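Okay, my_file03.txt now, which holds compact mmCIF, C-alpha atoms:
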```txt
# COMPACT_ATOMS: atom_id res chain seq x y z
CA MET A 874 -189.62 235.90 117.69
CA LYS A 875 -187.69 237.62 120.45
CA LYS A 876 -184.52 235.95 119.23
CA ILE A 877 -185.07 237.10 115.64
CA LEU A 878 -185.59 240.65 116.90
CA LYS A 879 -182.45 240.51 119.05
CA TYR A 880 -180.16 239.12 116.35
CA GLY A 881 -181.78 241.12 113.56
CA GLY A 882 -181.35 244.31 115.55
CA ALA A 883 -177.72 243.46 116.30
CA GLY A 884 -177.05 242.76 112.61
CA LEU A 885 -178.64 246.05 111.63
CA LEU A 886 -176.59 247.94 114.23
CA SER A 887 -173.46 246.26 112.90
CA ALA A 888 -174.28 247.45 109.36
CA VAL A 889 -174.76 251.03 110.61
CA ILE A 890 -171.52 250.94 112.59
CA GLY A 891 -169.64 249.51 109.61
CA PHE A 892 -171.01 252.33 107.48
CA VAL A 893 -169.82 254.96 109.97
CA ASN A 894 -166.38 253.36 110.31
CA GLY A 895 -165.92 253.26 106.54
CA PHE A 896 -167.22 256.76 105.93
CA PHE A 897 -165.22 258.47 108.70
CA GLY A 898 -162.28 256.10 108.75
CA GLY A 899 -162.75 255.28 112.43
CA GLY A 900 -164.97 255.56 115.48
CA GLY A 901 -166.68 252.21 114.92
CA GLY A 902 -165.07 250.56 117.94
CA MET A 903 -166.47 253.21 120.26
CA LEU A 904 -169.97 252.42 119.01
CA LEU A 905 -169.53 248.65 118.91
CA VAL A 906 -168.79 248.22 122.62
CA PRO A 907 -172.16 249.60 123.83
CA ALA A 908 -173.91 247.82 120.92
CA LEU A 909 -172.53 244.47 122.07
CA GLU A 910 -173.39 245.25 125.69
CA LYS A 911 -176.95 246.44 125.09
CA ALA A 912 -178.12 244.42 122.07
CA LEU A 913 -176.46 241.09 122.83
CA LYS A 914 -176.06 241.42 126.62
CA CYS A 915 -172.34 240.76 126.32
CA PRO A 916 -170.32 241.48 129.51
CA VAL A 917 -168.18 244.66 129.51
CA LYS A 918 -164.71 243.12 129.16
CA LYS A 919 -165.84 240.62 126.53
CA SER A 920 -167.55 243.46 124.64
CA HIS A 921 -164.29 245.41 124.46
CA ALA A 922 -162.35 242.38 123.22
CA THR A 923 -165.03 241.24 120.76
CA ALA A 924 -165.38 244.80 119.40
CA ILE A 925 -161.72 244.69 118.33
CA ALA A 926 -162.24 241.28 116.67
CA VAL A 927 -165.18 242.78 114.71
CA ILE A 928 -163.62 246.11 113.82
CA LEU A 929 -160.26 244.68 112.68
CA PRO A 930 -161.63 243.01 109.50
CA VAL A 931 -163.84 246.07 108.95
CA SER A 932 -160.81 248.38 109.11
CA ILE A 933 -158.80 246.14 106.79
CA ALA A 934 -161.66 246.12 104.26
CA SER A 935 -162.11 249.90 104.40
CA ALA A 936 -158.34 250.55 104.37
CA VAL A 937 -158.04 248.50 101.16
CA THR A 938 -160.96 250.46 99.65
CA TYR A 939 -159.31 253.80 100.58
CA ILE A 940 -156.01 252.68 99.08
CA LEU A 941 -157.77 251.57 95.87
CA ASN A 942 -159.50 254.96 95.82
CA GLY A 943 -156.04 256.52 95.70
CA HIS A 944 -156.04 258.03 99.19
CA PHE A 945 -152.84 256.47 100.41
CA GLN A 946 -149.81 258.49 101.51
CA TRP A 947 -147.04 256.23 102.75
CA PHE A 948 -145.20 258.93 104.71
CA PRO A 949 -147.84 259.80 107.35
CA ALA A 950 -149.14 256.21 107.28
CA ALA A 951 -145.76 254.71 108.18
CA PHE A 952 -144.75 257.15 110.92
CA ALA A 953 -148.18 257.66 112.46
CA SER A 954 -148.62 253.86 112.61
CA ALA A 955 -145.29 253.49 114.40
CA GLY A 956 -146.25 256.19 116.90
CA CYS A 957 -149.67 254.64 117.32
CA LEU A 958 -148.22 251.26 118.22
CA GLY A 959 -145.93 252.80 120.85
CA GLY A 960 -148.67 255.03 122.23
CA GLY A 961 -151.06 252.09 122.32
CA VAL A 962 -148.79 250.03 124.56
CA LEU A 963 -148.22 253.03 126.83
CA GLY A 964 -151.97 253.74 126.99
CA ALA A 965 -152.77 250.14 127.91
CA LEU A 966 -150.19 250.27 130.71
CA LEU A 967 -151.31 253.71 131.93
CA LEU A 968 -154.95 252.66 132.06
CA LYS A 969 -154.34 250.77 135.29
CA LYS A 970 -152.95 253.89 136.99
CA LEU A 971 -155.47 256.48 135.85
CA LYS A 972 -159.13 256.87 136.77
CA PRO A 973 -161.13 255.88 133.66
CA GLU A 974 -163.86 258.42 134.51
CA VAL A 975 -161.39 261.30 134.57
CA VAL A 976 -159.70 260.26 131.32
CA GLY A 977 -163.10 259.69 129.68
CA LEU A 978 -164.32 263.10 130.80
CA LEU A 979 -161.22 264.88 129.47
CA PHE A 980 -161.40 262.96 126.21
CA ALA A 981 -165.11 263.76 125.74
CA CYS A 982 -164.46 267.50 126.24
CA LEU A 983 -161.53 267.35 123.83
CA MET A 984 -163.68 265.63 121.19
CA ILE A 985 -166.37 268.28 121.49
CA ALA A 986 -163.80 271.11 121.26
CA VAL A 987 -162.09 269.62 118.20
CA GLY A 988 -165.49 268.89 116.65
CA ILE A 989 -166.54 272.52 117.07
CA LYS A 990 -163.29 273.70 115.52
CA LEU A 991 -163.78 271.42 112.49
CA THR A 992 -167.38 272.51 111.94
CA LEU A 993 -166.67 276.24 112.38
CA PRO A 994 -166.42 276.89 108.61
CA LEU A 995 -170.16 276.09 108.58
CA SER A 996 -170.96 279.44 110.17
CA PHE A 997 -168.93 281.38 107.59
CA LYS A 998 -170.76 279.94 104.59
CA MET B 1041 -137.91 266.21 107.20
CA THR B 1042 -136.82 264.89 110.58
CA LEU B 1043 -139.14 267.37 112.24
CA LYS B 1044 -141.98 266.12 110.08
CA ILE B 1045 -141.24 262.52 111.04
CA ILE B 1046 -141.24 263.45 114.74
CA LEU B 1047 -144.55 265.28 114.31
CA PHE B 1048 -146.20 262.29 112.62
CA VAL B 1049 -144.85 259.86 115.22
CA LEU B 1050 -146.08 262.14 118.04
CA ILE B 1051 -149.54 262.50 116.51
CA GLY B 1052 -149.68 258.72 116.08
CA ALA B 1053 -148.57 258.25 119.69
CA VAL B 1054 -151.34 260.53 121.01
CA GLY B 1055 -153.92 258.61 118.99
CA GLY B 1056 -152.46 255.29 120.12
CA LEU B 1057 -152.32 256.40 123.75
CA ILE B 1058 -156.04 257.09 123.81
CA GLY B 1059 -156.79 254.06 121.65
CA GLY B 1060 -154.78 251.88 124.03
CA MET B 1061 -157.04 253.01 126.84
CA GLY B 1062 -159.94 251.71 124.77
CA MET B 1063 -161.41 255.09 123.92
CA GLY B 1064 -161.31 255.35 120.14
CA GLY B 1065 -157.98 257.01 119.45
CA GLY B 1066 -158.74 257.37 115.76
CA THR B 1067 -161.32 260.00 116.47
CA LEU B 1068 -158.43 262.21 117.61
CA LEU B 1069 -155.71 261.00 115.25
CA ILE B 1070 -157.66 262.13 112.16
CA PRO B 1071 -158.30 265.78 113.19
CA LEU B 1072 -154.75 266.10 114.57
CA LEU B 1073 -153.42 265.05 111.17
CA THR B 1074 -155.61 267.48 109.24
CA MET B 1075 -155.12 270.40 111.64
CA LEU B 1076 -151.38 270.09 112.37
CA THR B 1077 -150.11 268.72 109.06
CA GLU B 1078 -151.32 269.34 105.54
CA THR B 1079 -152.77 265.84 105.27
CA GLU B 1080 -156.07 265.89 103.39
CA GLN B 1081 -159.20 264.51 105.14
CA HIS B 1082 -159.54 261.33 103.04
CA ALA B 1083 -155.83 260.56 103.39
CA ALA B 1084 -155.99 261.16 107.18
CA GLN B 1085 -158.88 258.71 107.44
CA ALA B 1086 -156.89 256.16 105.44
CA VAL B 1087 -153.89 256.70 107.75
CA ASN B 1088 -156.06 256.04 110.79
CA LEU B 1089 -157.49 252.84 109.32
CA ILE B 1090 -153.99 251.59 108.50
CA ALA B 1091 -152.47 252.68 111.85
CA PHE B 1092 -155.24 250.86 113.68
CA ILE B 1093 -154.45 247.46 112.12
CA PRO B 1094 -151.09 246.54 113.77
CA MET B 1095 -152.16 247.90 117.19
CA SER B 1096 -155.46 246.07 117.27
CA ALA B 1097 -153.90 242.88 115.91
CA VAL B 1098 -151.57 242.81 118.92
CA ALA B 1099 -154.43 243.61 121.31
CA LEU B 1100 -156.61 240.94 119.70
CA ILE B 1101 -154.00 238.21 120.16
CA ILE B 1102 -153.82 239.07 123.88
CA HIS B 1103 -157.62 239.09 124.20
CA ILE B 1104 -157.97 235.73 122.40
CA LYS B 1105 -155.36 234.22 124.72
CA ASN B 1106 -157.30 235.55 127.71
CA GLY B 1107 -160.48 234.00 126.32
CA LEU B 1108 -162.31 237.32 126.13
CA VAL B 1109 -163.40 237.16 122.49
CA GLU B 1110 -166.97 235.95 122.02
CA PHE B 1111 -166.56 234.04 118.74
CA LYS B 1112 -170.23 233.13 118.42
CA TYR B 1113 -171.17 236.79 117.80
CA LEU B 1114 -168.42 237.34 115.24
CA PRO B 1115 -170.26 236.38 112.00
CA LEU B 1116 -173.40 238.28 113.00
CA MET B 1117 -171.54 241.47 113.91
CA ALA B 1118 -168.64 241.42 111.42
CA VAL B 1119 -170.23 240.42 108.10
CA PRO B 1120 -172.81 243.27 107.78
CA ALA B 1121 -170.23 245.76 109.06
CA VAL B 1122 -167.57 244.72 106.53
CA VAL B 1123 -170.03 244.94 103.63
CA SER B 1124 -171.42 248.35 104.62
CA SER B 1125 -167.95 249.75 105.38
CA VAL B 1126 -166.72 249.01 101.86
CA PHE B 1127 -169.86 250.67 100.48
CA SER B 1128 -169.43 253.78 102.64
CA ALA B 1129 -165.69 254.01 101.89
CA ILE B 1130 -166.58 254.17 98.19
CA LEU B 1131 -169.25 256.76 99.00
CA ALA B 1132 -166.75 258.88 101.00
CA ARG B 1133 -164.61 259.19 97.86
CA ARG B 1134 -167.41 261.17 96.19
CA VAL B 1135 -167.60 263.64 99.08
CA GLU B 1136 -165.35 266.69 98.81
CA ALA B 1137 -162.59 266.89 101.46
CA GLY B 1138 -163.82 270.13 103.08
CA SER B 1139 -167.35 268.77 103.49
CA LEU B 1140 -166.09 265.42 104.78
CA ARG B 1141 -164.02 267.29 107.38
CA MET B 1142 -167.11 269.18 108.49
CA TYR B 1143 -169.24 266.01 108.73
CA PHE B 1144 -166.42 264.48 110.73
CA GLY B 1145 -166.56 267.46 113.12
CA ILE B 1146 -170.29 266.92 113.63
CA PHE B 1147 -169.65 263.22 114.23
CA LEU B 1148 -167.04 264.13 116.88
CA ILE B 1149 -169.43 266.49 118.69
CA VAL B 1150 -172.15 263.81 118.77
CA LEU B 1151 -169.68 261.21 120.07
CA GLY B 1152 -168.31 263.63 122.69
CA VAL B 1153 -171.73 264.63 124.00
CA TRP B 1154 -172.80 260.98 124.07
CA GLN B 1155 -169.72 259.92 126.02
CA LEU B 1156 -170.07 262.86 128.41
CA SER B 1157 -173.70 261.98 129.15
CA GLY B 1158 -172.72 258.34 129.73
CA ILE B 1159 -170.07 259.34 132.28
CA VAL B 1160 -172.44 261.73 134.08
CA ARG B 1161 -175.17 259.06 134.21
CA ALA B 1162 -172.76 256.47 135.61
CA PHE B 1163 -171.57 259.00 138.21
CA VAL B 1164 -175.13 259.83 139.34
CA LYS B 1165 -175.97 256.12 139.57
CA LYS B 1166 -172.89 255.46 141.68
CA ARG B 1167 -173.68 258.38 143.97
CA ARG B 1168 -177.26 257.17 144.48
CA ALA B 1169 -176.08 253.63 145.27
CA GLU B 1170 -173.64 255.03 147.84
CA LYS B 1171 -176.35 257.13 149.48
CA ARG B 1172 -178.70 254.13 149.65
CA LYS B 1173 -175.97 252.05 151.22
CA ALA B 1174 -175.28 254.73 153.84
CA ALA B 1175 -179.00 255.02 154.65
CA ASP B 1176 -179.26 251.23 154.95
CA LEU B 1177 -176.33 251.14 157.33
CA LYS B 1178 -177.88 253.86 159.50
CA ARG B 1179 -181.21 252.02 159.65
CA ARG B 1180 -179.51 248.79 160.61
CA GLU B 1181 -177.50 250.54 163.31
CA SER B 1182 -180.58 252.13 164.84
CA GLN B 1183 -182.39 248.79 164.75
CA GLU B 1184 -179.49 247.17 166.55
CA LYS B 1185 -179.69 249.86 169.20
CA ILE B 1186 -183.41 249.14 169.69
CA THR B 1187 -182.81 245.40 170.09
CA ILE B 1188 -180.06 246.04 172.62
CA TYR B 1189 -182.40 248.37 174.48
CA LYS B 1190 -185.18 245.73 174.43
CA LYS B 1191 -182.85 243.04 175.77
CA ARG B 1192 -182.13 245.22 178.73
```

Have the structure of the file written as structure tokens, please.
Amino acid sequence: MKKILKYGGAGLLSAVIGFVNGFFGGGGGMLLVPALEKALKCPVKKSHATAIAVILPVSIASAVTYILNGHFQWFPAAFASAGCLGGGVLGALLLKKLKPEVVGLLFACLMIAVGIKLTLPLSFK
Amino acid sequence: MTLKIILFVLIGAVGGLIGGMGMGGGTLLIPLLTMLTETEQHAAQAVNLIAFIPMSAVALIIHIKNGLVEFKYLPLMAVPAVVSSVFSAILARRVEAGSLRMYFGIFLIVLGVWQLSGIVRAFVKKRRAEKRKAADLKRRESQEKITIYKKR
């Protein structure tokens, strides 16, 4: 019974995270890591690695759906992808030199600030 | 044109930089694209999904080699997520770009607050553990002093 609850809950969480990742075009990985840690008791490092293995097919599936929906612009896609790959390598290397708490704190504040800016039109309606 | 290319590469690099640190770079790549360039919300989300694929493929190969991927959880976690993501991507098409942008902003605020609270909680926990350790050390030291005193 406990097992059914554990795996059922994890499956349900996965469906919710997939929904979010498809709807917003990202953010699923950030939610998957704690889901794997808490629901399946997966160790931290393995959770990070497994989250990528889960979110990669999800991203491919939603990317194909977006392209079929007609939301593909090759120009930003090509150049932003190239920058992303370079930045990704640099970020992975930098991670060893920076304090993760400090980076996380800065990033969280930045997310909140950008989020407020995007939702501001709400107050004008 | 060249300036535009540089801008897109830079925006991608910022997203990748944060993504490479394992902190969801896409959540920043999308608003940077819509705020700094005239990319529409749906298209920006598509760009992020596409930009994520090569980077994570490289990371995944490294993780598999290091034996960090837990394959037994893969079907359970990936299959429902893939199905629901296709459904929600179709749903997102019906949402108008301005509204989607706003929902995305709310999503960002929730994520930011959640991450902030996680960091604060971890910090408090660490502080408490340190204090307990210091108190333990003090107690042990005073006990040692007593035993030395008794031996005399």

*Would you mind reading off the distance between atom CA of Gly899 of chain A and atom CA of Ser932 of chain A, one decimal, in Å?*
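Computing it gives 7.9 Å between the two atoms.
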
Skip segment 1059-1075 of chain B itself and residues of its chain fewer than 3 positions away, then list as a tab-separated table (two decimals) with C-alpha atoms, in the frame of the given file all residues within 7 Å of it, counting only C-alpha atoms.
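Listing of selection.tsv after writing:
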```tsv
chain	number	residue	atom	x	y	z
A	899	GLY	CA	-162.75	255.28	112.43
A	900	GLY	CA	-164.97	255.56	115.48
A	902	GLY	CA	-165.07	250.56	117.94
A	903	MET	CA	-166.47	253.21	120.26
A	961	GLY	CA	-151.06	252.09	122.32
A	962	VAL	CA	-148.79	250.03	124.56
A	964	GLY	CA	-151.97	253.74	126.99
A	965	ALA	CA	-152.77	250.14	127.91
A	968	LEU	CA	-154.95	252.66	132.06
B	1051	ILE	CA	-149.54	262.50	116.51
B	1052	GLY	CA	-149.68	258.72	116.08
B	1055	GLY	CA	-153.92	258.61	118.99
B	1056	GLY	CA	-152.46	255.29	120.12
B	1078	GLU	CA	-151.32	269.34	105.54
B	1079	THR	CA	-152.77	265.84	105.27
B	1080	GLU	CA	-156.07	265.89	103.39
B	1081	GLN	CA	-159.20	264.51	105.14
B	1084	ALA	CA	-155.99	261.16	107.18
B	1085	GLN	CA	-158.88	258.71	107.44
B	1088	ASN	CA	-156.06	256.04	110.79
```

Would you write out, as a Markdown table, a table of all residues in chain A that have an atom no more than 6 Å from an atom of chain B, listing for each the closest atom pair and the distance in Å to one decimal, considering all atoms listed in the file and ordering rows by chain and rising residue number?
```
| residue | atom | partner | partner_atom | distance |
| --- | --- | --- | --- | --- |
| A:Gly884 | CA | B:Leu1116 | CA | 5.8 |
| A:Ser887 | CA | B:Ala1121 | CA | 5.0 |
| A:Ala888 | CA | B:Ala1121 | CA | 4.4 |
| A:Gly891 | CA | B:Ala1121 | CA | 3.8 |
| A:Phe892 | CA | B:Ser1125 | CA | 4.5 |
| A:Gly895 | CA | B:Ser1125 | CA | 4.2 |
| A:Phe896 | CA | B:Ser1128 | CA | 5.0 |
| A:Gly898 | CA | B:Gln1085 | CA | 4.5 |
| A:Gly899 | CA | B:Gly1066 | CA | 5.6 |
| A:Gly900 | CA | B:Thr1067 | CA | 5.8 |
| A:Met903 | CA | B:Gly1064 | CA | 5.6 |
| A:Lys919 | CA | B:Leu1108 | CA | 4.8 |
| A:Ala922 | CA | B:Val1109 | CA | 5.4 |
| A:Thr923 | CA | B:Val1109 | CA | 4.7 |
| A:Val927 | CA | B:Ala1118 | CA | 5.0 |
| A:Val931 | CA | B:Val1122 | CA | 4.6 |
| A:Ser932 | CA | B:Leu1089 | CA | 5.6 |
| A:Ser935 | CA | B:Val1126 | CA | 5.3 |
| A:Ala936 | CA | B:Leu1089 | CA | 5.5 |
| A:Tyr939 | CA | B:Ala1086 | CA | 5.9 |
| A:His944 | CA | B:Ala1083 | CA | 4.9 |
| A:Phe945 | CA | B:Ala1083 | CA | 5.9 |
| A:Ala950 | CA | B:Val1087 | CA | 4.8 |
| A:Phe952 | CA | B:Val1049 | CA | 5.1 |
| A:Ala953 | CA | B:Gly1052 | CA | 4.1 |
| A:Ser954 | CA | B:Ala1091 | CA | 4.1 |
| A:Gly956 | CA | B:Ala1053 | CA | 4.2 |
| A:Cys957 | CA | B:Gly1056 | CA | 4.0 |
| A:Leu958 | CA | B:Met1095 | CA | 5.3 |
| A:Gly960 | CA | B:Ala1053 | CA | 4.1 |
| A:Gly961 | CA | B:Gly1060 | CA | 4.1 |
| A:Gly964 | CA | B:Leu1057 | CA | 4.2 |
| A:Ala965 | CA | B:Gly1060 | CA | 4.7 |
| A:Leu968 | CA | B:Met1061 | CA | 5.6 |
| A:Ala981 | CA | B:Gly1152 | CA | 4.4 |
| A:Met984 | CA | B:Gly1152 | CA | 5.3 |
| A:Ile985 | CA | B:Ile1149 | CA | 4.5 |
| A:Gly988 | CA | B:Gly1145 | CA | 4.0 |
| A:Leu991 | CA | B:Gly1145 | CA | 4.9 |
| A:Thr992 | CA | B:Met1142 | CA | 4.8 |
```

Take the residues just selected and output them with C-alpha atoms as a CSV table (one decimal), keeping the file's coordinate frame.
```csv
chain,number,residue,atom,x,y,z
A,884,GLY,CA,-177.0,242.8,112.6
A,887,SER,CA,-173.5,246.3,112.9
A,888,ALA,CA,-174.3,247.4,109.4
A,891,GLY,CA,-169.6,249.5,109.6
A,892,PHE,CA,-171.0,252.3,107.5
A,895,GLY,CA,-165.9,253.3,106.5
A,896,PHE,CA,-167.2,256.8,105.9
A,898,GLY,CA,-162.3,256.1,108.8
A,899,GLY,CA,-162.8,255.3,112.4
A,900,GLY,CA,-165.0,255.6,115.5
A,903,MET,CA,-166.5,253.2,120.3
A,919,LYS,CA,-165.8,240.6,126.5
A,922,ALA,CA,-162.4,242.4,123.2
A,923,THR,CA,-165.0,241.2,120.8
A,927,VAL,CA,-165.2,242.8,114.7
A,931,VAL,CA,-163.8,246.1,109.0
A,932,SER,CA,-160.8,248.4,109.1
A,935,SER,CA,-162.1,249.9,104.4
A,936,ALA,CA,-158.3,250.6,104.4
A,939,TYR,CA,-159.3,253.8,100.6
A,944,HIS,CA,-156.0,258.0,99.2
A,945,PHE,CA,-152.8,256.5,100.4
A,950,ALA,CA,-149.1,256.2,107.3
A,952,PHE,CA,-144.8,257.2,110.9
A,953,ALA,CA,-148.2,257.7,112.5
A,954,SER,CA,-148.6,253.9,112.6
A,956,GLY,CA,-146.2,256.2,116.9
A,957,CYS,CA,-149.7,254.6,117.3
A,958,LEU,CA,-148.2,251.3,118.2
A,960,GLY,CA,-148.7,255.0,122.2
A,961,GLY,CA,-151.1,252.1,122.3
A,964,GLY,CA,-152.0,253.7,127.0
A,965,ALA,CA,-152.8,250.1,127.9
A,968,LEU,CA,-155.0,252.7,132.1
A,981,ALA,CA,-165.1,263.8,125.7
A,984,MET,CA,-163.7,265.6,121.2
A,985,ILE,CA,-166.4,268.3,121.5
A,988,GLY,CA,-165.5,268.9,116.6
A,991,LEU,CA,-163.8,271.4,112.5
A,992,THR,CA,-167.4,272.5,111.9
```

_Point-to-point distance from atom CA of Cys915 of chain A to atom CA of Ile877 of chain A, Å rounded to tenths_ =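 A separation of 17.0 Å between them.
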
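Going from atom CA of Leu904 of chain A to atom CA of Ser920 of chain A covers 10.9 Å.
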
Atom completion result for segment 920-933 of chain A (N, CA and C atoms) as an mmCIF file, in the coordinates of the input:
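Output saved as rebuild.cif:
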```
data_model
loop_
_atom_site.group_PDB
_atom_site.id
_atom_site.type_symbol
_atom_site.label_atom_id
_atom_site.label_comp_id
_atom_site.auth_asym_id
_atom_site.auth_seq_id
_atom_site.Cartn_x
_atom_site.Cartn_y
_atom_site.Cartn_z
ATOM 1 N N SER A 920 -167.096 242.523 125.684
ATOM 2 C CA SER A 920 -167.550 243.460 124.640
ATOM 3 C C SER A 920 -166.366 244.222 124.058
ATOM 4 N N HIS A 921 -165.471 244.681 124.933
ATOM 5 C CA HIS A 921 -164.290 245.410 124.460
ATOM 6 C C HIS A 921 -163.444 244.524 123.547
ATOM 7 N N ALA A 922 -163.198 243.286 123.994
ATOM 8 C CA ALA A 922 -162.350 242.380 123.220
ATOM 9 C C ALA A 922 -163.020 241.991 121.910
ATOM 10 N N THR A 923 -164.322 241.675 121.971
ATOM 11 C CA THR A 923 -165.030 241.240 120.760
ATOM 12 C C THR A 923 -165.155 242.397 119.768
ATOM 13 N N ALA A 924 -165.297 243.636 120.288
ATOM 14 C CA ALA A 924 -165.380 244.800 119.400
ATOM 15 C C ALA A 924 -164.132 244.905 118.532
ATOM 16 N N ILE A 925 -162.965 244.632 119.116
ATOM 17 C CA ILE A 925 -161.720 244.690 118.330
ATOM 18 C C ILE A 925 -161.733 243.602 117.260
ATOM 19 N N ALA A 926 -162.195 242.385 117.637
ATOM 20 C CA ALA A 926 -162.240 241.280 116.670
ATOM 21 C C ALA A 926 -163.175 241.617 115.506
ATOM 22 N N VAL A 927 -164.236 242.396 115.776
ATOM 23 C CA VAL A 927 -165.180 242.780 114.710
ATOM 24 C C VAL A 927 -164.598 243.909 113.866
ATOM 25 N N ILE A 928 -164.021 244.898 114.528
ATOM 26 C CA ILE A 928 -163.620 246.110 113.820
ATOM 27 C C ILE A 928 -162.308 245.921 113.046
ATOM 28 N N LEU A 929 -161.512 244.920 113.409
ATOM 29 C CA LEU A 929 -160.260 244.680 112.680
ATOM 30 C C LEU A 929 -160.518 244.307 111.206
ATOM 31 N N PRO A 930 -161.351 243.280 110.926
ATOM 32 C CA PRO A 930 -161.630 243.010 109.500
ATOM 33 C C PRO A 930 -162.322 244.172 108.800
ATOM 34 N N VAL A 931 -163.161 244.906 109.539
ATOM 35 C CA VAL A 931 -163.840 246.070 108.950
ATOM 36 C C VAL A 931 -162.809 247.113 108.528
ATOM 37 N N SER A 932 -161.842 247.384 109.416
ATOM 38 C CA SER A 932 -160.810 248.380 109.110
ATOM 39 C C SER A 932 -159.938 247.936 107.954
ATOM 40 N N ILE A 933 -159.621 246.643 107.901
ATOM 41 C CA ILE A 933 -158.800 246.140 106.790
ATOM 42 C C ILE A 933 -159.562 246.341 105.477
#
```
